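Student: Contents of final_10.txt (compact mmCIF, C-alpha atoms) are given next:
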# COMPACT_ATOMS: atom_id res chain seq x y z
CA MET A 1078 -185.56 44.16 81.49
CA LYS A 1079 -182.85 42.09 79.83
CA ASN A 1080 -182.16 38.51 80.90
CA LYS A 1081 -178.80 37.70 82.45
CA LEU A 1082 -176.29 35.68 80.42
CA CYS A 1083 -173.02 34.33 81.83
CA VAL A 1084 -170.38 33.36 79.27
CA PHE A 1085 -167.57 31.09 80.42
CA THR A 1086 -164.76 30.90 77.88
CA LEU A 1087 -161.56 28.89 78.00
CA TYR A 1088 -159.37 31.78 76.84
CA SER A 1089 -159.44 35.56 76.73
CA GLU A 1090 -160.37 37.34 73.50
CA LYS A 1091 -156.82 36.74 72.25
CA GLY A 1092 -157.37 32.98 72.19
CA ALA A 1093 -158.58 31.91 68.77
CA SER A 1094 -161.18 29.32 69.79
CA SER A 1095 -162.76 31.60 72.38
CA GLN A 1096 -162.65 34.58 70.05
CA TYR A 1097 -164.37 32.82 67.15
CA ARG A 1098 -166.82 30.73 69.18
CA ALA A 1099 -167.89 33.37 71.73
CA PHE A 1100 -166.39 36.87 71.76
CA ILE A 1101 -167.07 37.40 68.07
CA PHE A 1102 -170.80 37.52 68.92
CA LYS A 1103 -170.30 40.04 71.74
CA ASP A 1104 -172.20 42.93 70.14
CA ALA A 1105 -175.20 40.77 69.23
CA LEU A 1106 -175.31 39.17 72.68
CA GLU A 1107 -175.06 42.44 74.57
CA LYS A 1108 -177.94 43.92 72.62
CA LYS A 1109 -180.27 41.25 73.99
CA TYR A 1110 -178.74 40.23 77.34
CA ASN A 1111 -176.92 41.65 80.30
CA VAL A 1112 -173.76 39.67 79.62
CA TYR A 1113 -171.06 38.74 82.13
CA TRP A 1114 -167.83 37.40 80.62
CA TYR A 1115 -165.52 35.02 82.48
CA ASN A 1116 -162.38 33.62 80.83
CA PHE A 1117 -160.25 30.91 82.46
CA TRP A 1118 -156.85 31.60 80.89
CA ASN A 1119 -155.78 35.25 80.59
CA ASP A 1120 -153.90 37.17 77.89
CA SER A 1121 -150.46 36.25 79.26
CA TYR A 1122 -151.21 32.55 78.92
CA VAL A 1123 -152.52 32.92 75.38
CA THR A 1124 -149.83 35.23 74.02
CA LYS A 1125 -146.81 33.95 75.96
CA TYR A 1126 -147.07 30.94 78.26
CA MET A 1127 -148.84 28.41 76.04
CA HIS A 1128 -146.17 28.69 73.36
CA ASN A 1129 -143.37 27.72 75.76
CA LYS A 1130 -144.96 25.69 78.55
CA LYS A 1131 -141.72 24.32 79.94
CA LYS A 1132 -140.20 27.75 80.41
CA TYR A 1133 -143.32 29.19 82.02
CA ALA A 1134 -144.43 26.10 83.94
CA LEU A 1135 -144.51 27.92 87.30
CA ASN A 1136 -146.51 30.83 85.84
CA ILE A 1137 -148.98 28.38 84.32
CA ILE A 1138 -149.40 26.44 87.58
CA CYS A 1139 -150.01 29.65 89.53
CA GLN A 1140 -152.49 30.96 86.99
CA TYR A 1141 -154.27 27.61 86.85
CA PHE A 1142 -154.67 27.52 90.64
CA VAL A 1143 -156.00 31.09 90.87
CA SER A 1144 -158.26 30.70 87.83
CA SER A 1145 -159.69 27.43 89.17
CA LEU A 1146 -160.67 29.05 92.47
CA LYS A 1147 -162.26 31.96 90.63
CA ARG A 1148 -164.12 29.67 88.26
CA ILE A 1149 -165.46 27.49 91.10
CA TYR A 1150 -166.84 30.59 92.82
CA GLN A 1151 -168.35 31.87 89.56
CA LEU A 1152 -170.02 28.55 88.80
CA LEU A 1153 -171.36 28.00 92.32
CA PHE A 1154 -172.47 31.50 93.30
CA ILE A 1155 -172.80 33.72 90.20
CA ALA A 1156 -174.01 31.47 87.38
CA PRO A 1157 -177.01 30.03 89.29
CA LYS A 1158 -178.47 33.58 89.36
CA ALA A 1159 -178.35 33.84 85.55
CA ASP A 1160 -181.09 32.98 83.07
CA VAL A 1161 -178.68 31.42 80.55
CA VAL A 1162 -175.13 30.12 80.86
CA PHE A 1163 -172.88 29.60 77.83
CA ILE A 1164 -169.85 27.35 78.38
CA GLN A 1165 -167.12 27.22 75.76
CA LYS A 1166 -165.04 24.04 75.73
CA ALA A 1167 -164.70 23.41 79.51
CA THR A 1168 -165.70 24.51 82.98
CA ILE A 1169 -162.31 23.89 84.59
CA PRO A 1170 -159.72 22.19 82.34
CA LYS A 1171 -158.45 18.79 83.50
CA ILE A 1172 -160.96 18.51 86.36
CA LYS A 1173 -163.73 15.94 85.98
CA THR A 1174 -166.17 17.78 88.26
CA THR A 1175 -168.29 20.26 86.30
CA PHE A 1176 -169.85 22.27 89.18
CA LEU A 1177 -173.14 22.47 87.27
CA LYS A 1178 -175.50 20.67 89.69
CA ASN A 1179 -176.51 23.82 91.59
CA MET A 1180 -177.09 25.61 88.32
CA LYS A 1181 -179.39 22.83 87.09
CA SER A 1182 -181.41 22.93 90.32
CA LYS A 1183 -182.12 26.63 89.64
CA ASN A 1184 -183.46 25.88 86.13
CA VAL A 1185 -180.71 27.87 84.46
CA ARG A 1186 -180.49 27.13 80.73
CA ILE A 1187 -177.05 25.68 79.95
CA VAL A 1188 -175.60 25.84 76.44
CA PHE A 1189 -172.30 24.08 75.83
CA ASP A 1190 -170.12 24.90 72.83
CA VAL A 1191 -167.28 22.69 71.57
CA ASP A 1192 -165.24 23.04 68.38
CA ASP A 1193 -162.48 20.45 68.87
CA ALA A 1194 -162.31 16.75 69.71
CA VAL A 1195 -161.44 17.58 73.32
CA TYR A 1196 -162.97 14.26 74.37
CA THR A 1197 -159.74 12.62 73.15
CA LEU A 1198 -157.70 14.52 75.75
CA PRO A 1199 -156.87 13.03 79.17
CA LYS A 1200 -158.98 14.27 82.11
CA ASP A 1201 -161.45 15.96 79.77
CA ASN A 1202 -164.85 16.68 81.33
CA SER A 1203 -166.78 17.67 78.21
CA ASP A 1204 -168.98 14.54 78.23
CA LYS A 1205 -170.22 15.41 81.73
CA ILE A 1206 -170.87 19.00 80.70
CA ALA A 1207 -172.85 17.73 77.71
CA GLU A 1208 -174.95 15.55 80.02
CA ALA A 1209 -175.94 18.62 82.03
CA ALA A 1210 -176.48 20.90 79.05
CA ASP A 1211 -179.83 21.80 77.53
CA CYS A 1212 -178.13 22.11 74.16
CA VAL A 1213 -174.67 21.31 72.77
CA ILE A 1214 -173.36 23.40 69.89
CA CYS A 1215 -170.86 21.37 67.85
CA GLY A 1216 -168.46 22.71 65.27
CA ASN A 1217 -169.05 19.78 62.91
CA GLU A 1218 -170.87 16.48 62.41
CA THR A 1219 -168.02 14.42 63.90
CA LEU A 1220 -168.38 16.24 67.20
CA LYS A 1221 -172.16 15.96 67.05
CA GLY A 1222 -171.84 12.21 66.57
CA HIS A 1223 -169.93 12.00 69.82
CA TYR A 1224 -171.89 14.41 72.02
CA GLN A 1225 -175.39 13.37 71.02
CA ARG A 1226 -174.75 10.27 73.14
CA TYR A 1227 -174.82 12.58 76.16
CA CYS A 1228 -177.28 15.29 75.12
CA LYS A 1229 -180.30 14.78 72.87
CA ASN A 1230 -180.20 18.39 71.68
CA CYS A 1231 -177.04 18.75 69.60
CA VAL A 1232 -176.76 21.20 66.71
CA VAL A 1233 -173.95 21.88 64.26
CA ILE A 1234 -172.83 25.47 63.86
CA PRO A 1235 -169.58 26.14 61.98
CA THR A 1236 -166.80 28.34 63.27
CA VAL A 1237 -167.00 31.59 61.32
CA ASP A 1238 -165.31 34.95 61.12
CA ASN A 1239 -167.02 38.30 60.59
CA THR A 1240 -167.83 38.21 56.88
CA ASN A 1241 -168.72 41.90 56.94
CA LEU A 1242 -165.11 42.81 57.75
CA TYR A 1243 -163.78 40.60 54.95
CA SER A 1244 -166.01 42.29 52.38
CA LEU A 1245 -163.99 45.49 52.78
CA HIS A 1246 -160.99 43.63 51.31
CA TRP A 1247 -162.57 41.65 48.47
CA LYS A 1248 -160.58 41.93 45.24
CA ASP A 1249 -159.72 39.86 42.18
CA THR A 1250 -156.27 38.26 42.55
CA PHE A 1251 -156.39 35.57 39.86
CA ASP A 1252 -153.36 37.07 38.11
CA LYS A 1253 -151.27 37.20 41.31
CA LYS A 1254 -150.57 33.41 41.55
CA ILE A 1255 -150.19 33.39 45.33
CA ILE A 1256 -150.91 30.20 47.28
CA GLY A 1257 -151.79 31.18 50.84
CA TRP A 1258 -151.95 29.52 54.25
CA ILE A 1259 -152.91 30.98 57.62
CA GLY A 1260 -152.32 29.31 60.97
CA SER A 1261 -150.07 29.04 64.01
CA LYS A 1262 -147.09 27.13 65.33
CA THR A 1263 -149.41 24.37 66.53
CA THR A 1264 -150.70 23.55 63.02
CA ILE A 1265 -147.87 24.50 60.69
CA ASP A 1266 -146.46 20.96 60.67
CA ASN A 1267 -149.32 20.02 58.35
CA PHE A 1268 -147.13 21.51 55.61
CA ASP A 1269 -145.14 18.26 55.81
CA LEU A 1270 -147.89 16.69 53.70
CA ILE A 1271 -147.40 19.02 50.73
CA ILE A 1272 -143.76 20.16 50.69
CA ASP A 1273 -143.04 18.01 47.64
CA ALA A 1274 -146.16 19.25 45.84
CA LEU A 1275 -145.38 22.91 46.50
CA ASN A 1276 -141.76 22.53 45.41
CA GLU A 1277 -142.86 20.80 42.22
CA ILE A 1278 -145.23 23.69 41.50
CA SER A 1279 -142.44 26.19 42.12
CA GLN A 1280 -140.17 24.29 39.75
CA ARG A 1281 -142.81 24.25 37.01
CA HIS A 1282 -144.05 27.79 37.59
CA SER A 1283 -141.41 30.15 38.98
CA GLU A 1284 -143.92 32.99 39.25
CA VAL A 1285 -145.96 31.17 41.92
CA LYS A 1286 -145.41 32.33 45.50
CA ILE A 1287 -146.42 30.68 48.78
CA ALA A 1288 -147.49 33.08 51.54
CA ILE A 1289 -147.57 31.90 55.17
CA ILE A 1290 -149.50 34.06 57.64
CA SER A 1291 -148.43 32.95 61.11
CA ASN A 1292 -146.66 33.85 64.32
CA THR A 1293 -143.77 31.74 62.98
CA ALA A 1294 -142.89 29.75 59.89
CA LEU A 1295 -140.29 27.65 61.77
CA ASP A 1296 -138.01 26.32 59.00
CA TYR A 1297 -140.72 25.86 56.37
CA THR A 1298 -139.65 28.93 54.40
CA ASN A 1299 -136.36 27.08 53.87
CA LYS A 1300 -138.05 23.79 52.99
CA ILE A 1301 -140.54 25.32 50.55
CA LYS A 1302 -139.26 27.23 47.53
CA ASN A 1303 -140.66 30.71 46.83
CA SER A 1304 -142.32 30.84 50.25
CA TYR A 1305 -142.33 33.77 52.66
CA LEU A 1306 -143.70 34.63 56.10
CA ILE A 1307 -146.26 37.35 56.77
CA PRO A 1308 -146.32 37.89 60.57
CA TRP A 1309 -149.88 37.53 61.86
CA SER A 1310 -151.52 40.48 63.56
CA ALA A 1311 -155.15 41.30 64.24
CA GLU A 1312 -154.74 44.59 62.39
CA THR A 1313 -153.23 43.22 59.16
CA TYR A 1314 -154.27 39.58 58.64
CA LEU A 1315 -157.35 40.42 56.55
CA LYS A 1316 -155.33 42.60 54.20
CA ALA A 1317 -152.77 39.79 53.93
CA LEU A 1318 -155.49 37.20 53.20
CA SER A 1319 -156.83 39.42 50.43
CA THR A 1320 -153.55 39.04 48.51
CA PHE A 1321 -154.04 35.26 48.10
CA THR A 1322 -155.17 33.76 44.83
CA ILE A 1323 -156.16 30.51 46.55
CA GLY A 1324 -156.10 29.23 50.14
CA ILE A 1325 -154.85 25.82 51.24
CA MET A 1326 -155.46 23.56 54.23
CA PRO A 1327 -153.37 20.39 54.34
CA LEU A 1328 -154.41 18.34 57.37
CA LYS A 1329 -153.02 15.15 58.88
CA ASP A 1330 -155.64 12.45 59.46
CA ASN A 1331 -156.19 11.34 63.06
CA GLU A 1332 -158.99 11.29 65.62
CA PHE A 1333 -158.26 14.80 66.83
CA THR A 1334 -157.98 16.44 63.39
CA ARG A 1335 -161.21 14.75 62.28
CA GLY A 1336 -162.86 16.87 64.96
CA LYS A 1337 -161.46 20.13 63.55
CA CYS A 1338 -163.87 22.68 62.10
CA GLY A 1339 -162.09 23.72 58.89
CA PHE A 1340 -161.72 27.31 60.03
CA LYS A 1341 -158.81 28.07 57.70
CA LEU A 1342 -160.99 27.11 54.74
CA ILE A 1343 -163.80 29.32 56.01
CA GLN A 1344 -161.42 32.27 56.32
CA TYR A 1345 -160.23 31.89 52.72
CA LEU A 1346 -163.79 31.49 51.47
CA ASN A 1347 -164.91 34.56 53.41
CA MET A 1348 -162.36 36.39 51.27
CA LYS A 1349 -163.89 34.72 48.18
CA LYS A 1350 -160.74 32.70 47.47
CA PRO A 1351 -161.18 29.15 46.11
CA VAL A 1352 -159.61 26.48 48.30
CA ILE A 1353 -157.68 23.22 48.26
CA GLY A 1354 -157.65 20.99 51.32
CA SER A 1355 -157.16 17.48 52.63
CA GLY A 1356 -160.32 15.40 52.78
CA VAL A 1357 -160.24 15.05 56.56
CA GLY A 1358 -163.31 15.51 58.75
CA VAL A 1359 -165.51 18.46 57.85
CA ASN A 1360 -163.03 19.70 55.22
CA SER A 1361 -164.72 17.67 52.48
CA LYS A 1362 -168.09 19.30 53.14
CA ILE A 1363 -166.66 22.83 53.19
CA ILE A 1364 -164.58 22.31 50.05
CA GLU A 1365 -167.42 20.88 47.95
CA GLY A 1366 -168.23 23.34 45.19
CA ASN A 1367 -165.79 25.91 46.59
CA GLY A 1368 -162.54 24.28 45.53
CA ILE A 1369 -160.78 20.96 45.18
CA GLU A 1370 -160.05 18.17 47.65
CA ALA A 1371 -156.51 16.75 47.44
CA ASN A 1372 -154.92 13.89 49.39
CA THR A 1373 -151.80 12.86 47.47
CA THR A 1374 -148.86 14.81 46.06
CA GLU A 1375 -150.17 14.27 42.53
CA GLU A 1376 -153.65 15.49 43.50
CA TRP A 1377 -152.24 18.58 45.17
CA VAL A 1378 -150.14 19.47 42.13
CA CYS A 1379 -153.09 18.97 39.78
CA ALA A 1380 -155.47 20.96 42.01
CA ILE A 1381 -153.06 23.88 42.36
CA GLU A 1382 -152.42 24.08 38.63
CA THR A 1383 -156.14 23.92 37.91
CA LEU A 1384 -157.06 26.75 40.25
CA LEU A 1385 -154.12 28.96 39.36
CA TYR A 1386 -154.27 28.54 35.57
CA ASP A 1387 -157.80 27.46 34.56
CA GLU A 1388 -159.62 30.76 34.80
CA THR A 1389 -163.00 29.26 33.89
CA ALA A 1390 -162.78 26.81 36.81
CA TYR A 1391 -161.54 29.53 39.13
CA ARG A 1392 -164.46 31.84 38.30
CA ARG A 1393 -166.92 28.97 38.72
CA TYR A 1394 -165.70 28.35 42.27
CA VAL A 1395 -165.86 32.06 43.12
CA SER A 1396 -169.48 32.15 41.93
CA HIS A 1397 -170.31 29.13 44.09
CA ILE A 1398 -168.78 30.87 47.11
CA GLU A 1399 -170.93 33.94 46.50
CA GLU A 1400 -174.16 32.07 45.78
CA VAL A 1401 -173.96 29.00 48.07
CA PHE A 1402 -171.21 29.22 50.69
CA PHE A 1403 -172.42 32.51 52.17
CA GLN A 1404 -175.92 31.10 52.64
CA GLN A 1405 -174.57 28.80 55.36
CA TYR A 1406 -171.38 30.40 56.64
CA HIS A 1407 -172.10 34.12 56.57
CA PHE A 1408 -171.49 35.69 59.99
CA ASP A 1409 -174.96 37.27 60.24
CA ILE A 1410 -176.69 33.93 59.64
CA VAL A 1411 -174.60 32.11 62.25
CA ALA A 1412 -175.00 34.90 64.83
CA ASN A 1413 -178.79 34.63 64.44
CA GLN A 1414 -178.58 30.85 64.98
CA ILE A 1415 -176.62 31.37 68.20
CA MET A 1416 -179.18 33.85 69.48
CA ASN A 1417 -182.03 31.43 68.78
CA ILE A 1418 -180.29 28.61 70.66
CA LEU A 1419 -179.65 30.75 73.71
CA ALA A 1420 -183.32 31.75 73.67
CA GLY A 1421 -184.35 28.09 73.86
CA GLU A 1422 -185.01 27.26 70.23
CA CYS A 1423 -183.02 24.04 70.29
Could you show the structure in this file as structure tokens?

Tutor:
Amino acid sequence: MKNKLCVFTLYSEKGASSQYRAFIFKDALEKKYNVYWYNFWNDSYVTKYMHNKKKYALNIICQYFVSSLKRIYQLLFIAPKADVVFIQKATIPKIKTTFLKNMKSKNVRIVFDVDDAVYTLPKDNSDKIAEAADCVICGNETLKGHYQRYCKNCVVIPTVDNTNLYSLHWKDTFDKKIIGWIGSKTTIDNFDLIIDALNEISQRHSEVKIAIISNTALDYTNKIKNSYLIPWSAETYLKALSTFTIGIMPLKDNEFTRGKCGFKLIQYLNMKKPVIGSGVGVNSKIIEGNGIEANTTEEWVCAIETLLYDETAYRRYVSHIEEVFFQQYHFDIVANQIMNILAGEC
């Protein structure tokens, strides 16, 4: 008979952090456990409300109230009957109480997963969740450094995508000269760091294009020469990523971004595209051997020209991705690590 696993996510499957830290492992989890999924915010919040919070303030308040009542019931009366509970990011957002005491008294194994520096946010309760957890899964070493003060069993597991799906789209695009970025409205302002570098590249090399995969490009397609928007969709984003020659991740440096998990870089590398990124947080570790770190306009220009026009260097990075990167960030390897942690090997 299978053990019972309760998974408490912050968002529905349409929310990126919940998708890539929990739902992506759904098939593997359901092979071993009887799994019960409970998301706090629903599809409407993820796809509509969160992008215009002022307009939908009443909808958000109503959903928050209803979801909080549901979550309290689930934590107090359903989770204590499980063998393992997996909590992604929060129990109830903005409420200090964790509702985990009853669960602990029933010897339920609690695994807490966090992939952002949520401890910097007001009214965050992640430290208290970590105190109650048997193991904390952190997206990077920065997060581990914080949460190991509250839980002695902290492990680092990167945020990954399903490598097996990417492999269907692998192709050589060195001759295309396309610089690519993928992200959302909440992160696109990082382009401010490299507008000058990208425009200088476009002036020197008119054949170079800049592709932006996102729900919106705001006005960056006007600010950046030779740039264009590819609307993001779950059905087409992998095909769009496969057109890139290189992938970029400029990132502003602050306490919150230092807790980011470099997921954009991992997506490009899953597609076997060399990368350029700011040396912020875990970015430096991911980039090493797989591309070039750049922090100034001059460094960005030099790095872009190297990867786009030095074929020997480009091929060397691709080989490193194939031989080294996949040993740590391949989906199958990470899924196996998650399964071991839930089973108590932490």

Student: Go ahead and fit an axis-aligned box to every listed atom of segment 1209-1219 of chain A plus 8 Å each side, and pass me the centre and edge lengths in Å, one decimal, as lines of an AutoDock Vina configuration file.

Tutor:
center_x = -173.9
center_y = 18.9
center_z = 72.2
size_x = 27.8
size_y = 25.0
size_z = 35.6

Student: Calculated over all atoms listed in the file, which of the candidates A:Ile1234, A:Leu1087, A:Leu1198, A:Ile1364 has the smallest distance to Ile1214 of chain A?

Tutor: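 Comparing A:Ile1234, A:Leu1087, A:Leu1198, A:Ile1364 against Ile1214 of chain A, the winner is A:Ile1234.
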
Student: Quick one: everything within 12 Å of Lys1103 of chain A, counting all atoms listed in the file, minus sequence neighbours fewer than 2 positions away in the same chain. Send it as a list in words.

Tutor: Leu1082, Cys1083, Val1084, Glu1090, Ser1095, Gln1096, Tyr1097, Arg1098, Ala1099, Phe1100, Ile1101, Ala1105, Leu1106, Glu1107, Lys1108, Lys1109, Tyr1110, Asn1111, Val1112, Tyr1113, Trp1114, Asn1239, Ala1412, Ile1415 and Met1416 of chain A

Student: For Met1127 of chain A, find every residue with an atom within 12 Å (counting only C-alpha atoms), except residues of its own chain fewer than 5 positions away, and show them as a list of chain:residue names.

Tutor: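 Residues near the query, excluding close chain neighbours: A:Tyr1088, A:Gly1092, A:Trp1118, A:Asn1119, A:Asp1120, A:Ser1121, A:Tyr1122, A:Lys1132, A:Tyr1133, A:Ala1134, A:Asn1136, A:Ile1137, A:Ile1138, A:Gln1140, A:Lys1262, A:Thr1263.
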
Student: Just the selected residues (C-alpha atoms), exported as a PDB file, in the frame of the given file, please.

Tutor:
ATOM      1  CA  TYR A1088    -159.370  31.780  76.840  1.00  0.00           C
ATOM      2  CA  GLY A1092    -157.370  32.980  72.190  1.00  0.00           C
ATOM      3  CA  TRP A1118    -156.850  31.600  80.890  1.00  0.00           C
ATOM      4  CA  ASN A1119    -155.780  35.250  80.590  1.00  0.00           C
ATOM      5  CA  ASP A1120    -153.900  37.170  77.890  1.00  0.00           C
ATOM      6  CA  SER A1121    -150.460  36.250  79.260  1.00  0.00           C
ATOM      7  CA  TYR A1122    -151.210  32.550  78.920  1.00  0.00           C
ATOM      8  CA  LYS A1132    -140.200  27.750  80.410  1.00  0.00           C
ATOM      9  CA  TYR A1133    -143.320  29.190  82.020  1.00  0.00           C
ATOM     10  CA  ALA A1134    -144.430  26.100  83.940  1.00  0.00           C
ATOM     11  CA  ASN A1136    -146.510  30.830  85.840  1.00  0.00           C
ATOM     12  CA  ILE A1137    -148.980  28.380  84.320  1.00  0.00           C
ATOM     13  CA  ILE A1138    -149.400  26.440  87.580  1.00  0.00           C
ATOM     14  CA  GLN A1140    -152.490  30.960  86.990  1.00  0.00           C
ATOM     15  CA  LYS A1262    -147.090  27.130  65.330  1.00  0.00           C
ATOM     16  CA  THR A1263    -149.410  24.370  66.530  1.00  0.00           C
TER      17      THR A1263
END

Student: Using all atoms listed in the file, which residues sit within 7 Å of segment 1208-1212 of chain A once same-chain residues fewer than 3 positions away are excluded, as a list in words?

Tutor: Arg1186, Ile1187, Val1188, Phe1189, Asp1204, Lys1205, Tyr1227, Cys1228, Asn1230, Cys1231 and Cys1423 of chain A

Student: Please compute the atom CA of Val1285 of chain A-atom CA of Ile1323 of chain A distance, one decimal, in Å.

Tutor: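 Going from atom CA of Val1285 of chain A over to atom CA of Ile1323 of chain A, I get 11.2 Å.
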
Student: Could you state the separation of atom CA of Lys1081 of chain A and atom CA of Leu1153 of chain A in Å, given to one decimal place?

Tutor: 15.7 Å

Student: Kindly indicate which residue among A:Tyr1314, A:Trp1258, A:Phe1403, A:Tyr1196 lies nearest to Ile1271 of chain A, using only C-alpha atoms for the distances.

Tutor: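 Closest candidate: A:Trp1258.
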
Student: Counting all atoms listed in the file, which of A:Leu1242, A:Asp1192, A:Glu1312, A:Val1378 gets nearest to Gln1280 of chain A?

Tutor: A:Val1378

Student: I'd like to know which of A:Asp1238, A:Asp1193, A:Glu1422, A:Asp1296 is closest to Lys1221 of chain A, using only C-alpha atoms.

Tutor: A:Asp1193

Student: Atom CA of Thr1236 of chain A and atom CA of Lys1337 of chain A, how far apart in Å?

Tutor: 9.8 Å

Student: Looking at A:Gln1151, A:Ser1094, A:Thr1374, A:Asn1267, which one is nearest to Val1123 of chain A, with distances taken over all atoms listed in the file?

Tutor: A:Ser1094

Student: Hey, what's within 9 Å of Ser1396 of chain A if we count all atoms listed in the file and toss same-chain stuff fewer than 4 positions away? As a list in words, please?

Tutor: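 Selected residues are Lys1349, Asn1367, Tyr1391, Arg1392, Glu1400 and Val1401 of chain A.
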
Student: Write out as a list in words the residues lying within 12 Å of Glu1365 of chain A, counting all atoms listed in the file and excluding same-chain residues fewer than 3 positions away.

Tutor: Leu1342, Leu1346, Pro1351, Val1352, Ile1353, Gly1354, Ser1355, Gly1356, Val1359, Asn1360, Ser1361, Lys1362, Gly1368, Ile1369, Glu1370, Ala1371, Tyr1394, His1397, Ile1398, Val1401 and Phe1402 of chain A

Student: With C-alpha atoms retained, output segment 1163-1212 of chain A as a PDB file, in the first residue's frame.

Tutor:
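What follows is the written file part_19.pdb:
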ATOM      1  CA  PHE A1163       5.581  18.808   1.168  1.00  0.00           C
ATOM      2  CA  ILE A1164       5.189  22.579   1.592  1.00  0.00           C
ATOM      3  CA  GLN A1165       6.242  24.886  -1.215  1.00  0.00           C
ATOM      4  CA  LYS A1166       7.129  28.437  -0.161  1.00  0.00           C
ATOM      5  CA  ALA A1167       4.426  29.046   2.502  1.00  0.00           C
ATOM      6  CA  THR A1168       1.566  27.574   4.480  1.00  0.00           C
ATOM      7  CA  ILE A1169      -0.626  30.685   4.399  1.00  0.00           C
ATOM      8  CA  PRO A1170       1.011  33.792   2.872  1.00  0.00           C
ATOM      9  CA  LYS A1171       1.398  36.800   5.188  1.00  0.00           C
ATOM     10  CA  ILE A1172       0.297  34.895   8.307  1.00  0.00           C
ATOM     11  CA  LYS A1173       2.960  34.137  10.901  1.00  0.00           C
ATOM     12  CA  THR A1174       1.174  31.076  12.293  1.00  0.00           C
ATOM     13  CA  THR A1175       2.189  27.917  10.419  1.00  0.00           C
ATOM     14  CA  PHE A1176      -0.472  25.459  11.696  1.00  0.00           C
ATOM     15  CA  LEU A1177       2.124  22.686  11.805  1.00  0.00           C
ATOM     16  CA  LYS A1178       2.081  21.792  15.529  1.00  0.00           C
ATOM     17  CA  ASN A1179      -0.624  19.125  15.220  1.00  0.00           C
ATOM     18  CA  MET A1180       1.182  17.632  12.259  1.00  0.00           C
ATOM     19  CA  LYS A1181       4.429  17.385  14.231  1.00  0.00           C
ATOM     20  CA  SER A1182       2.660  15.660  17.133  1.00  0.00           C
ATOM     21  CA  LYS A1183       1.526  12.941  14.697  1.00  0.00           C
ATOM     22  CA  ASN A1184       5.114  12.312  13.507  1.00  0.00           C
ATOM     23  CA  VAL A1185       4.333  13.402   9.971  1.00  0.00           C
ATOM     24  CA  ARG A1186       7.498  14.036   7.954  1.00  0.00           C
ATOM     25  CA  ILE A1187       7.559  17.685   6.836  1.00  0.00           C
ATOM     26  CA  VAL A1188       9.627  18.793   3.845  1.00  0.00           C
ATOM     27  CA  PHE A1189       9.760  22.508   3.101  1.00  0.00           C
ATOM     28  CA  ASP A1190      10.826  23.816  -0.302  1.00  0.00           C
ATOM     29  CA  VAL A1191      11.869  27.423  -0.985  1.00  0.00           C
ATOM     30  CA  ASP A1192      13.363  28.898  -4.147  1.00  0.00           C
ATOM     31  CA  ASP A1193      13.295  32.646  -3.430  1.00  0.00           C
ATOM     32  CA  ALA A1194      14.507  34.927  -0.646  1.00  0.00           C
ATOM     33  CA  VAL A1195      10.980  35.132   0.758  1.00  0.00           C
ATOM     34  CA  TYR A1196      12.463  35.816   4.191  1.00  0.00           C
ATOM     35  CA  THR A1197      13.031  39.401   3.002  1.00  0.00           C
ATOM     36  CA  LEU A1198       9.285  39.941   2.578  1.00  0.00           C
ATOM     37  CA  PRO A1199       7.115  41.461   5.330  1.00  0.00           C
ATOM     38  CA  LYS A1200       5.014  39.005   7.371  1.00  0.00           C
ATOM     39  CA  ASP A1201       6.865  36.019   5.904  1.00  0.00           C
ATOM     40  CA  ASN A1202       6.569  32.828   7.964  1.00  0.00           C
ATOM     41  CA  SER A1203       9.181  30.702   6.200  1.00  0.00           C
ATOM     42  CA  ASP A1204      11.613  30.738   9.148  1.00  0.00           C
ATOM     43  CA  LYS A1205       8.944  29.196  11.394  1.00  0.00           C
ATOM     44  CA  ILE A1206       8.116  26.581   8.768  1.00  0.00           C
ATOM     45  CA  ALA A1207      11.810  25.728   8.531  1.00  0.00           C
ATOM     46  CA  GLU A1208      11.958  25.277  12.302  1.00  0.00           C
ATOM     47  CA  ALA A1209       9.195  22.676  12.108  1.00  0.00           C
ATOM     48  CA  ALA A1210      10.512  20.932   9.004  1.00  0.00           C
ATOM     49  CA  ASP A1211      12.470  17.688   8.949  1.00  0.00           C
ATOM     50  CA  CYS A1212      14.264  18.913   5.848  1.00  0.00           C
TER      51      CYS A1212
END
